[in-house]
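Notes follow once the structure below has been shown.
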Amino acid sequence: MTSTDFDAVIIGSGAGGGASAWGLAQYGLRVLLLEAGPAYSPSEYRLDRKEWEQSSFPDRARHKGRYTFGEMQELQPGLKGLRSWNQVRGFLNNTGRRAIGAYHHMRGVGGSTLVFSGEAQRLHPGAMKMRTRFGVSADWPLSYSDLEPYYCRAERLVGVSGDSDDRVRFRSGPYPLPAHRLSYASTKVEEGCRRLGLTLSPNPVAILSRPYDGRPECNYCAQCGRGCPRTDKGSIDVTFIRRAIGTGLCAVKPDCRVTALEAGASDNIPHVTYTDSGGKVHRVSGRVVIVSCGAIETPRLLLSSKNRYAPDGVGNESGQVGRNFMETLFWFSSGLHEERLGSFRGIPVDSICWDFNGPDAIPGIAGGCRFSPAVAEADLAGPISYAQRVAGGWGRRHKQEMRDAFGRALVIIAMGESLPNDRSYIDLDPHEKDDAGIPLARINTFVDDMDIRRLQFMSLKAREIVFASGVKKIFEEFSAYDIFNSSHVFGTCRMGIDPEQSVVDQYCRSHRWKNLFVVDASVFPSSGGGESPSLTIEALALRTADHIYSLAKKGEL
Ligand SMILES: Cc1cc2nc3c(=O)[nH]c(=O)nc-3n(C[C@H](O)[C@H](O)[C@H](O)COP(=O)(O)OP(=O)(O)OC[C@H]3O[C@@H](n4cnc5c(N)ncnc54)[C@H](O)[C@@H]3O)c2cc1C
Ligand code: SF4
């Protein structure tokens with residue numbers, strides 16, 4: 001056992017933890033960043049190998065966490081139109097229950113942003129008041145204007161390219177970089193949207209359209225999900241963490257998994273216990289402890305950290321840790337365009353239709369959604385995916401179909417609000433444990449009626465856009481209705497004013513444990529109408545860091 005003192009011990013180095021590290025180190029605070037996964041170097045992300053399409057992000061020991069699922073939801077026989085299918089394989093889930101796909105995430109210095117697509121969107125201000133406006137979900141205890149200056153700071157730090165003309169989301173400053181030009185394939189979707197009276201705009205992305213901050217501009221290889229070898233993608237390791245290390249005040253420890261928060265007698269967390277890659281156990285202390293393990297692992301750590309001061313787990317006095325889990329509500333429609341588009345080129349999601357993103361934009365349904373061209377998101381970037389999912393037949397016929405199809409895929413993704421409900425929560429698996437004997441997180445998930453109605457809208461509109469863009473026939477659809485497949489996960493440690501209904505306050509500070517903060521996607525009271533969450537997590541982290549610094553200056557920590 002060893003012991004070292006820091007101003008802040010941060011657990012998890014993804015969007016929340018990495019941004020917190022920079023947020024505190026910039027003020028001269030000494031930070032220890034503990035990360036369960038390995039450290040990667042962008043030079044490892046090789047897209048120039050023959051087998052590039054079969055290999056995803058480099059696999060290393062501990063690069064994924066383990067988790068289990070509760071009983072999956074029964075599907076409704078009348079909702080066949082929402083099922084996932086493919087013209088080669090038929091229905092992708094042939095059972096009567098929702099299938100288990102995956103919680104897509106990455107363990108490593110930079111967290112899930114190592115593989116993210118770089119979307120850097122702000123929340124719709126109206127989506128932060130779902131309880132007041134529609135009686136669903138919960139209100140954020142802060143407003144869009146509280147977050148706005150921090151959005152600007154996060155955008156400058158990661159280098160967001162975007163179009164500053166936004167009538168819904170007030171901006172106090174322009175994006176640091178101009179928007180990317182739309183790919184040729186996306187111009188077809190732009191035309192299709194126009195035919196339908198919709199608007200397709202450049203998507204704000206943490207992907208450089210010009211050299212910035214010592215990093216080069218993007219080369220439009222579309223492979224962000226396999227790791228960006230050029231470092232132009234604003235993942236947390238090459239932005240916030242690189243800067244935090246540059247202060248000389250931030251120590252990063254990869255392959256170090258925190259196994260317990262040790263609650264103390266005076267409503268403080270005096271120690272954190274972690275195990276390094278060699279199995280050695282360490283104990284550290286910090287004036288503040290920030291938990292940033294993501295919306296699945298954060299509740300797991302809090303719930304499993306039981307002792308006599310925290311018999312139900314740390315921060316779980318109200319029984320709210322793990323509750324209000326929200327997943328990715330998605331719909332994909334894919335077809336072949338009549339023209340050869342070269343649609344494997346570009347950034348993964350270069351444009352977006354915001355027309356239905358407002359929480360009241362879909363008639364009769366609370367919570368909005370958004371639509372985007374997304375060929376790379378559907379992983380239709382190389383010949384193997386075409387051979388398996390698009391081209392039929394054998395031998396000569398297959399070859400001919402491959403020649404005809406390649407580069408013509410056009411995909412629309414829709415993502416929508418996911419409302420919390422009583423049957424969606426994270427708890428500790430009663431049977432399955434990790435090698436340290438800690439129960440695994442169990443994902444319990446349920447898509448309720450309002451979400452199903454929103455999915456129905458998303459499916460109809462996505463098909464309309466695909467056809468209006470020049471596709472004659474759809475070959476594949478993929479849906480959250482019958483397959484859980486989430487890369488955006490939220491909730492589980494909700495922020496709020498009422499300690500009975502939430503886990504942390506508006507500064508992400510535990511209602512009870514005075515030196516404990518939770519800064520990651522788990523604090524979201526509502527998911528938003530399909531906006532990707534990283535920029536909001538980073539803005540929250542910077543705001544929390546400012547608050548911690550002001551408390552420290554006043555001697556209140
Ligand atoms: C394929 C993919 C594409 C995505 N695309 C986008 C996008 O375009 N835009 C966007 O905004 N979002 C995107 N996301 C989602 C985004 O990456 C996440 O929402 C975001 O990274 C969440 O931040 P976080 O801090 O909550 O968790 P994470 O970034 O997941 O970080 C949590 C970290 O905590 C570590 N950890 C967990 N437990 C412990 C422990 N006990 N001890 C020490 N460390 C621990 C993990 O190893 C991990 O590194 C995408 C995600 C995926 C998987
Ligand atoms: S598309 Fe751009 S940001 Fe994405 S991996 Fe390629 S070079 Fe990097």
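In the structure tokens, the first chain shown is A, the next is B, and so on; residue numbers restart at 1 for each chain, and ligands run from 1 in the order shown.
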Could you tell me, as an mmCIF file with C-alpha atoms, in the first residue's frame, which residues of stretch 60-154 of chain A DSSP assigns to helix (DSSP H, G or I) when given the backbone?
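The file below, states-v2.cif, is the result:
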```cif
data_model
loop_
_atom_site.group_PDB
_atom_site.id
_atom_site.type_symbol
_atom_site.label_atom_id
_atom_site.label_comp_id
_atom_site.auth_asym_id
_atom_site.auth_seq_id
_atom_site.Cartn_x
_atom_site.Cartn_y
_atom_site.Cartn_z
ATOM 1 C CA PRO A 77 -46.081 -8.629 -32.809
ATOM 2 C CA GLY A 78 -47.771 -5.600 -34.384
ATOM 3 C CA LEU A 79 -44.528 -3.645 -34.705
ATOM 4 C CA LYS A 80 -42.800 -5.633 -37.476
ATOM 5 C CA GLY A 81 -42.059 -2.373 -39.306
ATOM 6 C CA LEU A 82 -39.632 -1.425 -36.535
ATOM 7 C CA GLY A 111 -12.167 6.947 -22.841
ATOM 8 C CA SER A 112 -14.835 6.403 -25.470
ATOM 9 C CA THR A 113 -13.754 9.517 -27.379
ATOM 10 C CA LEU A 114 -10.863 7.395 -28.716
ATOM 11 C CA PRO A 125 -32.191 24.571 -24.648
ATOM 12 C CA GLY A 126 -35.806 23.342 -24.570
ATOM 13 C CA ALA A 127 -34.676 19.731 -24.045
ATOM 14 C CA MET A 128 -33.326 20.713 -20.618
ATOM 15 C CA MET A 130 -38.712 18.200 -20.057
ATOM 16 C CA ARG A 131 -40.506 17.905 -16.698
ATOM 17 C CA THR A 132 -41.825 21.473 -16.666
ATOM 18 C CA ARG A 133 -42.837 21.441 -20.306
ATOM 19 C CA PHE A 134 -44.151 17.905 -20.812
ATOM 20 C CA TYR A 144 -28.498 26.536 -21.382
ATOM 21 C CA SER A 145 -27.192 30.057 -20.643
ATOM 22 C CA ASP A 146 -25.314 28.695 -17.585
ATOM 23 C CA LEU A 147 -23.522 26.244 -19.872
ATOM 24 C CA GLU A 148 -23.021 28.511 -22.877
ATOM 25 C CA PRO A 149 -19.638 30.054 -21.921
ATOM 26 C CA TYR A 150 -18.329 26.580 -21.116
ATOM 27 C CA TYR A 151 -19.546 25.238 -24.453
ATOM 28 C CA CYS A 152 -17.450 27.974 -26.103
ATOM 29 C CA ARG A 153 -14.382 27.034 -24.060
ATOM 30 C CA ALA A 154 -14.772 23.326 -24.808
#
```
Next on the checklist: How would you report the residues lying within 7 Å of ligand 1, as a ChimeraX atom specification, if you count only C-alpha atoms and all ligand atoms?
Outcome noted: /A:11-17,34-37,104-113,115-121,225,256-259,292-295,297-298,301,487-489,520-522,532-535,537
List every residue of chain A that has an atom at most 6 Å from any atom of ligand 2, giving for each one its closest atom pair and the distance in Å to one decimal, counting only C-alpha atoms and all ligand atoms, sorted by chain and then by ascending residue number, as a tab-separated table.
```
residue	atom	partner	partner_atom_place_in_ligand_line	distance
A:Ile207	CA	ligand 2	3 (S)	5.1
A:Cys218	CA	ligand 2	2 (Fe)	3.9
A:Asn219	CA	ligand 2	7 (S)	4.5
A:Tyr220	CA	ligand 2	1 (S)	4.1
A:Cys221	CA	ligand 2	6 (Fe)	4.1
A:Ala222	CA	ligand 2	1 (S)	3.9
A:Gln223	CA	ligand 2	5 (S)	4.5
A:Cys224	CA	ligand 2	5 (S)	3.7
A:Gly227	CA	ligand 2	5 (S)	6.0
A:Cys228	CA	ligand 2	5 (S)	3.7
A:Arg230	CA	ligand 2	8 (Fe)	5.6
A:Asp232	CA	ligand 2	3 (S)	5.3
A:Lys233	CA	ligand 2	3 (S)	4.2
A:Ile347	CA	ligand 2	1 (S)	4.4
```
Those same residues - C-alpha atoms - I'd like them written as an mmCIF file, in the first residue's frame.
```
data_model
loop_
_atom_site.group_PDB
_atom_site.id
_atom_site.type_symbol
_atom_site.label_atom_id
_atom_site.label_comp_id
_atom_site.auth_asym_id
_atom_site.auth_seq_id
_atom_site.Cartn_x
_atom_site.Cartn_y
_atom_site.Cartn_z
ATOM 1 C CA ILE A 207 -12.568 17.359 -36.453
ATOM 2 C CA CYS A 218 -8.639 15.996 -41.583
ATOM 3 C CA ASN A 219 -7.969 13.796 -44.650
ATOM 4 C CA TYR A 220 -11.612 12.549 -44.887
ATOM 5 C CA CYS A 221 -10.794 8.852 -44.503
ATOM 6 C CA ALA A 222 -14.076 8.306 -42.544
ATOM 7 C CA GLN A 223 -12.389 5.886 -40.113
ATOM 8 C CA CYS A 224 -12.741 7.815 -36.826
ATOM 9 C CA GLY A 227 -8.892 5.676 -34.087
ATOM 10 C CA CYS A 228 -7.627 8.835 -35.779
ATOM 11 C CA ARG A 230 -3.559 12.095 -37.687
ATOM 12 C CA ASP A 232 -7.096 15.943 -36.055
ATOM 13 C CA LYS A 233 -10.040 14.349 -34.278
ATOM 14 C CA ILE A 347 -16.028 12.529 -42.129
#
```
Checklist entry - Which is closer to A:Leu208 than all the others in A:Tyr481, A:Tyr175, A:Tyr386, A:Phe240, using only C-alpha atoms? => result A:Tyr175
Checklist entry - Suppose you want the space between atom CA of A:Val31 and atom CA of A:Lys306; what is it in Å? => result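 Value for the atom CA of A:Val31-atom CA of A:Lys306 distance: 25.1 Å.
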Checklist entry - To one decimal place, how far is atom CA of A:Tyr212 from atom CA of A:Val238 in Å? => result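 Atom-to-atom, atom CA of A:Tyr212 and atom CA of A:Val238 are spaced 12.1 Å apart.
When only C-alpha atoms are used to measure the gap to A:Ser201, the shortest distance among A:Pro270, A:Gly437, A:Gly159, A:Pro373 belongs to A:Pro373.
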Item to check | strand (DSSP E or B) positions in stretch 322-419 of chain A, given as number ranges by chain | outcome: A: 326, 329-337, 351-353, 369-373, 409-416
Under the rule of at most 10 Å, produce a per-residue listing of stretch 88-179 of chain A near stretch 491-497 of chain A: chain, number, name, the closest pair of atoms, and the distance in Å, as JSON lines, using only C-alpha atoms.
```
{"residue": "A:Ala138", "atom": "CA", "partner": "A:Gly496", "partner_atom": "CA", "distance": 8.3}
{"residue": "A:Asp139", "atom": "CA", "partner": "A:Gly496", "partner_atom": "CA", "distance": 7.6}
{"residue": "A:Trp140", "atom": "CA", "partner": "A:Gly496", "partner_atom": "CA", "distance": 6.5}
{"residue": "A:Pro141", "atom": "CA", "partner": "A:Gly496", "partner_atom": "CA", "distance": 5.3}
{"residue": "A:Leu142", "atom": "CA", "partner": "A:Gly496", "partner_atom": "CA", "distance": 8.8}
```
Checklist entry - What separation in Å, quoted to one decimal, exists between atom CA of A:Asp5 and atom CA of A:His63? => result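 Atom CA of A:His63 lies 27.9 Å from atom CA of A:Asp5.
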Next on the checklist: For stretch 390-396 of chain A, find every residue with an atom within 8 Å (counting only C-alpha atoms), except residues of its own chain fewer than 3 positions away, and show them as an MDAnalysis selection string.
Outcome noted: chainID A and resid 87:88 385:387 399:402 405 475
Residues as selected, N, CA and C atoms, written as a JSON list (two decimals), in the first residue's frame, can you do that?
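What ended up in selection-v8.json:
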```json
[["chain", "number", "residue", "atom", "x", "y", "z"],
["A", 87, "GLN", "N", -31.26, -7.44, -46.41],
["A", 87, "GLN", "CA", -31.74, -8.20, -47.58],
["A", 87, "GLN", "C", -31.01, -9.52, -47.75],
["A", 88, "VAL", "N", -29.79, -9.67, -47.20],
["A", 88, "VAL", "CA", -29.06, -10.92, -47.33],
["A", 88, "VAL", "C", -29.44, -11.88, -46.21],
["A", 385, "SER", "N", -17.85, -5.35, -45.88],
["A", 385, "SER", "CA", -19.22, -5.05, -45.44],
["A", 385, "SER", "C", -20.19, -5.11, -46.62],
["A", 386, "TYR", "N", -19.74, -4.68, -47.79],
["A", 386, "TYR", "CA", -20.63, -4.77, -48.96],
["A", 386, "TYR", "C", -20.89, -6.24, -49.31],
["A", 387, "ALA", "N", -19.81, -7.05, -49.25],
["A", 387, "ALA", "CA", -19.97, -8.47, -49.63],
["A", 387, "ALA", "C", -20.93, -9.17, -48.67],
["A", 399, "LYS", "N", -19.68, -11.15, -57.83],
["A", 399, "LYS", "CA", -18.66, -10.18, -58.26],
["A", 399, "LYS", "C", -19.32, -9.01, -58.99],
["A", 400, "GLN", "N", -20.27, -9.36, -59.87],
["A", 400, "GLN", "CA", -20.93, -8.30, -60.62],
["A", 400, "GLN", "C", -21.72, -7.38, -59.68],
["A", 401, "GLU", "N", -22.38, -7.99, -58.70],
["A", 401, "GLU", "CA", -23.16, -7.16, -57.75],
["A", 401, "GLU", "C", -22.25, -6.27, -56.94],
["A", 402, "MET", "N", -21.07, -6.81, -56.58],
["A", 402, "MET", "CA", -20.10, -5.99, -55.85],
["A", 402, "MET", "C", -19.67, -4.78, -56.70],
["A", 405, "ALA", "N", -22.44, -2.29, -56.82],
["A", 405, "ALA", "CA", -22.89, -1.64, -55.58],
["A", 405, "ALA", "C", -21.85, -0.72, -54.93],
["A", 475, "PHE", "N", -31.89, -1.67, -48.49],
["A", 475, "PHE", "CA", -31.40, -3.05, -48.32],
["A", 475, "PHE", "C", -31.20, -3.43, -46.86]]
```
Checklist entry - Any idea what's packed within 8 Å of stretch 508-517 of chain A, counting only C-alpha atoms, ignoring anything in its chain fewer than 6 positions away? Could you give it as a list in words? => result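 The residues that qualify are Asp267, Asn268, Ile269, Arg287, Val288, Val289, Ile290, Val291, Gly315, Met495, Pro499, Val523, Thr544 and Leu557 of chain A.
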Can those selected residues be exported to a file as a PDB file, in the first residue's frame so that it contains N, CA and C atoms?
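Contents of the output file selection.pdb:
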```
ATOM      1  N   ASP A 267     -18.671  12.701   6.319  1.00  0.00           N
ATOM      2  CA  ASP A 267     -19.272  12.961   5.004  1.00  0.00           C
ATOM      3  C   ASP A 267     -18.228  13.302   3.948  1.00  0.00           C
ATOM      4  N   ASN A 268     -17.078  12.678   4.050  1.00  0.00           N
ATOM      5  CA  ASN A 268     -16.014  12.852   3.069  1.00  0.00           C
ATOM      6  C   ASN A 268     -15.566  11.490   2.544  1.00  0.00           C
ATOM      7  N   ILE A 269     -14.878  11.531   1.404  1.00  0.00           N
ATOM      8  CA  ILE A 269     -14.243  10.306   0.886  1.00  0.00           C
ATOM      9  C   ILE A 269     -12.748  10.511   1.092  1.00  0.00           C
ATOM     10  N   ARG A 287      -8.083  16.104  -2.053  1.00  0.00           N
ATOM     11  CA  ARG A 287      -9.057  17.012  -1.403  1.00  0.00           C
ATOM     12  C   ARG A 287     -10.423  16.852  -2.050  1.00  0.00           C
ATOM     13  N   VAL A 288     -10.423  16.618  -3.364  1.00  0.00           N
ATOM     14  CA  VAL A 288     -11.678  16.217  -4.001  1.00  0.00           C
ATOM     15  C   VAL A 288     -11.467  14.914  -4.758  1.00  0.00           C
ATOM     16  N   VAL A 289     -12.568  14.179  -4.881  1.00  0.00           N
ATOM     17  CA  VAL A 289     -12.566  12.938  -5.664  1.00  0.00           C
ATOM     18  C   VAL A 289     -13.616  13.122  -6.750  1.00  0.00           C
ATOM     19  N   ILE A 290     -13.211  12.906  -7.991  1.00  0.00           N
ATOM     20  CA  ILE A 290     -14.143  13.062  -9.115  1.00  0.00           C
ATOM     21  C   ILE A 290     -14.311  11.705  -9.790  1.00  0.00           C
ATOM     22  N   VAL A 291     -15.552  11.234  -9.843  1.00  0.00           N
ATOM     23  CA  VAL A 291     -15.819   9.950 -10.491  1.00  0.00           C
ATOM     24  C   VAL A 291     -16.320  10.223 -11.907  1.00  0.00           C
ATOM     25  N   GLY A 315     -23.134   7.796  -2.100  1.00  0.00           N
ATOM     26  CA  GLY A 315     -24.008   8.711  -2.857  1.00  0.00           C
ATOM     27  C   GLY A 315     -25.406   8.170  -3.065  1.00  0.00           C
ATOM     28  N   MET A 495     -28.386  14.718 -11.935  1.00  0.00           N
ATOM     29  CA  MET A 495     -28.183  15.977 -11.205  1.00  0.00           C
ATOM     30  C   MET A 495     -29.543  16.635 -10.971  1.00  0.00           C
ATOM     31  N   PRO A 499     -32.452  16.348  -3.125  1.00  0.00           N
ATOM     32  CA  PRO A 499     -31.594  15.182  -2.807  1.00  0.00           C
ATOM     33  C   PRO A 499     -32.359  13.863  -2.795  1.00  0.00           C
ATOM     34  N   VAL A 523     -24.699  12.119 -15.149  1.00  0.00           N
ATOM     35  CA  VAL A 523     -25.442  13.180 -14.431  1.00  0.00           C
ATOM     36  C   VAL A 523     -26.571  13.772 -15.274  1.00  0.00           C
ATOM     37  N   THR A 544     -17.792  22.620 -13.505  1.00  0.00           N
ATOM     38  CA  THR A 544     -17.555  22.026 -12.183  1.00  0.00           C
ATOM     39  C   THR A 544     -16.148  22.371 -11.693  1.00  0.00           C
ATOM     40  N   LEU A 557     -12.947  23.509   0.927  1.00  0.00           N
ATOM     41  CA  LEU A 557     -12.760  22.092   0.563  1.00  0.00           C
ATOM     42  C   LEU A 557     -11.640  21.484   1.388  1.00  0.00           C
TER      43      LEU A 557
END
```
Checklist entry - Quick one: residues within 6 Å of stretch 441-443 of chain A, only C-alpha atoms counted, chain neighbours fewer than 2 positions away excluded, as a list in words? => result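 So, after excluding close chain neighbours, the residues are Tyr67, Thr68, Phe69, Gly70, Arg300, Ile426, Asp427, Leu428 and Asp429 of chain A.
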Selection file, N, CA and C atoms, as a PDB file, in the first residue's frame:
```pdb
ATOM      1  N   TYR A  67     -19.890  -6.427 -18.570  1.00  0.00           N
ATOM      2  CA  TYR A  67     -21.177  -6.046 -17.990  1.00  0.00           C
ATOM      3  C   TYR A  67     -22.182  -7.123 -18.370  1.00  0.00           C
ATOM      4  N   THR A  68     -23.324  -7.142 -17.726  1.00  0.00           N
ATOM      5  CA  THR A  68     -24.348  -8.131 -18.070  1.00  0.00           C
ATOM      6  C   THR A  68     -25.671  -7.400 -18.335  1.00  0.00           C
ATOM      7  N   PHE A  69     -26.685  -8.170 -18.678  1.00  0.00           N
ATOM      8  CA  PHE A  69     -28.008  -7.583 -18.941  1.00  0.00           C
ATOM      9  C   PHE A  69     -29.067  -8.266 -18.091  1.00  0.00           C
ATOM     10  N   GLY A  70     -30.076  -7.496 -17.709  1.00  0.00           N
ATOM     11  CA  GLY A  70     -31.263  -8.078 -17.086  1.00  0.00           C
ATOM     12  C   GLY A  70     -32.141  -8.691 -18.179  1.00  0.00           C
ATOM     13  N   ARG A 300     -21.783   1.567 -10.937  1.00  0.00           N
ATOM     14  CA  ARG A 300     -21.216   0.304 -10.417  1.00  0.00           C
ATOM     15  C   ARG A 300     -20.222   0.601  -9.292  1.00  0.00           C
ATOM     16  N   ILE A 426     -29.337   0.683 -13.919  1.00  0.00           N
ATOM     17  CA  ILE A 426     -28.117  -0.124 -13.760  1.00  0.00           C
ATOM     18  C   ILE A 426     -28.083  -0.599 -12.317  1.00  0.00           C
ATOM     19  N   ASP A 427     -27.875  -1.890 -12.122  1.00  0.00           N
ATOM     20  CA  ASP A 427     -27.639  -2.377 -10.760  1.00  0.00           C
ATOM     21  C   ASP A 427     -26.449  -3.336 -10.775  1.00  0.00           C
ATOM     22  N   LEU A 428     -26.169  -3.916  -9.615  1.00  0.00           N
ATOM     23  CA  LEU A 428     -25.030  -4.845  -9.542  1.00  0.00           C
ATOM     24  C   LEU A 428     -25.522  -6.248  -9.838  1.00  0.00           C
ATOM     25  N   ASP A 429     -24.821  -6.940 -10.719  1.00  0.00           N
ATOM     26  CA  ASP A 429     -25.228  -8.301 -11.040  1.00  0.00           C
ATOM     27  C   ASP A 429     -25.089  -9.176  -9.788  1.00  0.00           C
TER      28      ASP A 429
END
```
Checklist entry - Between A:Ser143, A:Arg210, A:Asp435, A:Asp7, which one has atoms that come closest to A:Arg62, using only C-alpha atoms? => result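 Using only C-alpha atoms, A:Arg62 sits closest to A:Asp435.
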Checklist entry - For A:Trp22, which of A:Gln506, A:Thr273, A:Thr239, A:Asn307 is the closest residue, counting only C-alpha atoms? => result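 Residue with the minimum atom-to-atom distance to A:Trp22: A:Thr239.
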Checklist entry - Pick from A:Glu190, A:Ile10, A:Val375, A:Leu123: nearest to A:Ala539, with only C-alpha atoms counted? => result A:Leu123
